[in-house]
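A.B. asks: Quick one: this structure, given as structure tokens, is what I'll be asking you about.
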Amino acid sequence: MTEPAEAARYVAIITDGNGRWADRQGLDTLDGHRAGADNVKARLRDAVEFGVKQLTVYSFSTENWSRPATEVAGLMAMFAERITSETPELKAEGVRMRFIGRRDRIGETLLERIEWAEAETAENDVLTLFIAFDYGSRAEIVAAAARYEGGGEDAFAELLYAPEMHDPDLLIRTGGDLRVSNYLLWQCAYSELVFRDELWPDFDRRAFADSLEQFSLRERRFGGR
């Protein structure tokens, strides 16, 4: 069983490639999203074992609304179903769930499920799972800037969607693309970046451990020498 030499404590992932994975398997796109959701759950448990304290996953971006209406509707139904079925289990495992992003464009049922999951797991402290849903970093920064009245970077950060989120030590992107796609632009200013070729449903425990190993071998200077 592969173990990282030293795990990053705060990790963000761009979980890219569900649709392409489904195409390669000859499956419907929503089957790819289901496989991706299953993989989030599996890697979440790895994260606990690897000592990660905060894990942030990109579930639905502000740009994803442009996808076919049937895909978007299917995703919304799947999210509501998953939250309902998996929250009790995550609560029992000590995982805190926290959703970041806009909440004014999703249906009442899904919004109720999101708020319920956050309330149910609010006291947990084994790991915090931040789920970026209807999330775009530029929108987050613009919303914070509209409320900002001065006070420096710390004061500005308090106006972001989740001021309790630590800046990620490590940002992983699966799927082979080399970009950050409007994800945690403020928070990842000094994050180490790892890009993986695996499509998200194929990103397994070994790939996760290898990504954390890459992080542990890097020297972080934050502008110093």
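Following the order of the structure tokens, chains are lettered A, B, ..., residues in each are numbered from 1, and ligands are numbered from 1.
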Hey, what's within 12 Å of Ala35 of chain A if we count only C-alpha atoms and toss same-chain stuff fewer than 5 positions away? As a ChimeraX atom specification, please?
C.D. replies: /A:15-22,25,27-30,40-42,78,199-203
A.B. asks: Enumerate the residues of segment 3-188 of chain A with a DSSP assignment of alpha helix (DSSP H), computed from the backbone, and present them as a PyMOL selection string.
C.D. replies: chain A and resi 18-25+29-49+69-92+108-120+137-147+153-157
A.B. asks: Could you please take those selected residues and save C-alpha atoms as an mmCIF file, in the first residue's frame?
C.D. replies:
data_model
loop_
_atom_site.group_PDB
_atom_site.id
_atom_site.type_symbol
_atom_site.label_atom_id
_atom_site.label_comp_id
_atom_site.auth_asym_id
_atom_site.auth_seq_id
_atom_site.Cartn_x
_atom_site.Cartn_y
_atom_site.Cartn_z
ATOM 1 C CA ASN A 18 -15.595 12.720 -15.883
ATOM 2 C CA GLY A 19 -17.178 13.320 -19.291
ATOM 3 C CA ARG A 20 -14.174 12.092 -21.251
ATOM 4 C CA TRP A 21 -13.965 9.036 -19.020
ATOM 5 C CA ALA A 22 -17.601 8.221 -19.774
ATOM 6 C CA ASP A 23 -17.010 8.650 -23.517
ATOM 7 C CA ARG A 24 -14.088 6.225 -23.416
ATOM 8 C CA GLN A 25 -16.208 3.707 -21.521
ATOM 9 C CA THR A 29 -22.021 11.595 -19.383
ATOM 10 C CA LEU A 30 -23.955 11.367 -16.126
ATOM 11 C CA ASP A 31 -22.444 7.911 -15.555
ATOM 12 C CA GLY A 32 -19.070 9.635 -15.677
ATOM 13 C CA HIS A 33 -20.200 12.149 -13.075
ATOM 14 C CA ARG A 34 -21.449 9.312 -10.864
ATOM 15 C CA ALA A 35 -18.083 7.575 -11.165
ATOM 16 C CA GLY A 36 -16.424 10.878 -10.322
ATOM 17 C CA ALA A 37 -18.591 11.292 -7.221
ATOM 18 C CA ASP A 38 -17.676 7.766 -6.133
ATOM 19 C CA ASN A 39 -14.017 8.679 -6.531
ATOM 20 C CA VAL A 40 -14.380 11.811 -4.415
ATOM 21 C CA LYS A 41 -15.655 9.626 -1.599
ATOM 22 C CA ALA A 42 -12.798 7.138 -1.982
ATOM 23 C CA ARG A 43 -10.085 9.806 -2.122
ATOM 24 C CA LEU A 44 -11.671 11.596 0.839
ATOM 25 C CA ARG A 45 -11.032 8.501 2.940
ATOM 26 C CA ASP A 46 -7.470 8.358 1.659
ATOM 27 C CA ALA A 47 -7.059 12.006 2.598
ATOM 28 C CA VAL A 48 -8.019 11.217 6.193
ATOM 29 C CA GLU A 49 -5.426 8.423 6.309
ATOM 30 C CA ALA A 69 -29.702 21.469 -19.969
ATOM 31 C CA THR A 70 -30.223 17.724 -19.556
ATOM 32 C CA GLU A 71 -26.705 17.296 -18.166
ATOM 33 C CA VAL A 72 -27.131 20.199 -15.743
ATOM 34 C CA ALA A 73 -30.511 18.905 -14.539
ATOM 35 C CA GLY A 74 -29.055 15.438 -14.070
ATOM 36 C CA LEU A 75 -26.140 16.833 -12.101
ATOM 37 C CA MET A 76 -28.425 18.811 -9.801
ATOM 38 C CA ALA A 77 -30.545 15.740 -9.096
ATOM 39 C CA MET A 78 -27.428 13.640 -8.501
ATOM 40 C CA PHE A 79 -25.960 16.192 -6.091
ATOM 41 C CA ALA A 80 -29.169 16.303 -4.044
ATOM 42 C CA GLU A 81 -29.336 12.503 -3.953
ATOM 43 C CA ARG A 82 -25.680 12.128 -2.966
ATOM 44 C CA ILE A 83 -25.872 14.728 -0.229
ATOM 45 C CA THR A 84 -28.926 13.005 1.245
ATOM 46 C CA SER A 85 -27.443 9.514 1.150
ATOM 47 C CA GLU A 86 -23.841 10.261 2.110
ATOM 48 C CA THR A 87 -24.104 12.972 4.766
ATOM 49 C CA PRO A 88 -24.991 10.582 7.637
ATOM 50 C CA GLU A 89 -21.995 8.407 6.771
ATOM 51 C CA LEU A 90 -19.616 11.352 6.535
ATOM 52 C CA LYS A 91 -20.967 12.709 9.797
ATOM 53 C CA ALA A 92 -20.197 9.403 11.508
ATOM 54 C CA GLU A 108 -34.889 25.035 -3.355
ATOM 55 C CA THR A 109 -34.569 21.291 -2.736
ATOM 56 C CA LEU A 110 -30.837 21.208 -3.399
ATOM 57 C CA LEU A 111 -30.263 24.352 -1.349
ATOM 58 C CA GLU A 112 -32.131 22.774 1.562
ATOM 59 C CA ARG A 113 -29.964 19.654 1.294
ATOM 60 C CA ILE A 114 -26.781 21.738 1.250
ATOM 61 C CA GLU A 115 -27.773 23.691 4.344
ATOM 62 C CA TRP A 116 -28.865 20.493 6.097
ATOM 63 C CA ALA A 117 -25.527 18.757 5.379
ATOM 64 C CA GLU A 118 -23.557 21.720 6.679
ATOM 65 C CA ALA A 119 -25.607 21.870 9.872
ATOM 66 C CA GLU A 120 -25.419 18.097 10.439
ATOM 67 C CA SER A 137 -12.955 32.495 -8.165
ATOM 68 C CA ARG A 138 -13.422 35.768 -10.016
ATOM 69 C CA ALA A 139 -17.030 35.958 -8.816
ATOM 70 C CA GLU A 140 -15.838 35.245 -5.262
ATOM 71 C CA ILE A 141 -13.230 38.004 -5.424
ATOM 72 C CA VAL A 142 -15.631 40.524 -6.986
ATOM 73 C CA ALA A 143 -18.225 39.791 -4.272
ATOM 74 C CA ALA A 144 -15.611 40.272 -1.563
ATOM 75 C CA ALA A 145 -14.324 43.475 -3.169
ATOM 76 C CA ALA A 146 -17.828 44.954 -3.178
ATOM 77 C CA ARG A 147 -17.935 44.602 0.619
ATOM 78 C CA GLU A 153 -5.155 41.139 2.906
ATOM 79 C CA ASP A 154 -6.375 39.469 6.089
ATOM 80 C CA ALA A 155 -9.441 41.682 6.222
ATOM 81 C CA PHE A 156 -10.166 40.979 2.559
ATOM 82 C CA ALA A 157 -9.791 37.209 3.044
#
A.B. asks: Could you state the separation of atom CA of Leu55 of chain A and atom CA of Arg206 of chain A in Å, given to one decimal place?
C.D. replies: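 These two atoms are separated by 17.1 Å.
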A.B. asks: Neighbouring residues of segment 59-66 of chain A were defined as those with any atom within 7 Å, considering only C-alpha atoms; residues of the same chain fewer than 2 positions away were excluded. Please report them as number ranges by chain.
C.D. replies: A: 57, 68, 72, 131-136
A.B. asks: Looking at A:Trp186, A:Phe50, A:Tyr161, A:Tyr148, which one is nearest to Arg98 of chain A, with distances taken over only C-alpha atoms?
C.D. replies: A:Tyr161
A.B. asks: Could you name the residues that touch Val180 of chain A at 12 Å or less, counting only C-alpha atoms, but leaving out those on the same chain fewer than 6 positions away, as a list of chain:residue names?
C.D. replies: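 Once the nearby chain positions are removed, what remains is A:Ala12, A:Ile13, A:Ile14, A:Thr15, A:Asp16, A:Tyr58, A:Ser61, A:Gly136, A:Ser137, A:Leu171, A:Ile172, A:Arg173, A:Thr174, A:Trp186, A:Gln187, A:Cys188, A:Ala189, A:Ser191, A:Glu192, A:Leu193, A:Val194, A:Phe195.
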A.B. asks: Report the distance between atom CA of Gly101 of chain A and atom CA of Ser181 of chain A in Å, rounded to one decimal place.
C.D. replies: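 For atom CA of Gly101 of chain A relative to atom CA of Ser181 of chain A, the distance reads 14.7 Å.
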A.B. asks: Identify, on the basis of only C-alpha atoms, every residue whose closest approach to Arg96 of chain A does not exceed 8 Å; exclude the query and any residue fewer than 6 positions from it along the same chain; express the result as a PDB file with C-alpha atoms, in the first residue's frame.
C.D. replies:
ATOM      1  CA  LEU A  90     -19.616  11.352   6.535  1.00  0.00           C
ATOM      2  CA  GLU A 118     -23.557  21.720   6.679  1.00  0.00           C
ATOM      3  CA  THR A 121     -21.621  18.010  10.194  1.00  0.00           C
ATOM      4  CA  ALA A 122     -20.739  21.424  11.632  1.00  0.00           C
ATOM      5  CA  GLU A 123     -19.107  20.048  14.779  1.00  0.00           C
ATOM      6  CA  ASN A 124     -16.881  17.491  13.053  1.00  0.00           C
ATOM      7  CA  ASP A 125     -13.134  18.034  13.049  1.00  0.00           C
ATOM      8  CA  VAL A 126     -11.397  15.013  11.500  1.00  0.00           C
ATOM      9  CA  LEU A 127     -11.351  16.644   8.051  1.00  0.00           C
ATOM     10  CA  THR A 128     -13.231  19.506   6.401  1.00  0.00           C
ATOM     11  CA  LEU A 129     -14.486  18.781   2.889  1.00  0.00           C
TER      12      LEU A 129
END
A.B. asks: Between A:Arg102, A:His166, A:Glu158, A:Gly151, which has the minimum distance to Lys53 of chain A (counting only C-alpha atoms)?
C.D. replies: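 Looking at the shortest contact to Lys53 of chain A, the residue is A:His166.
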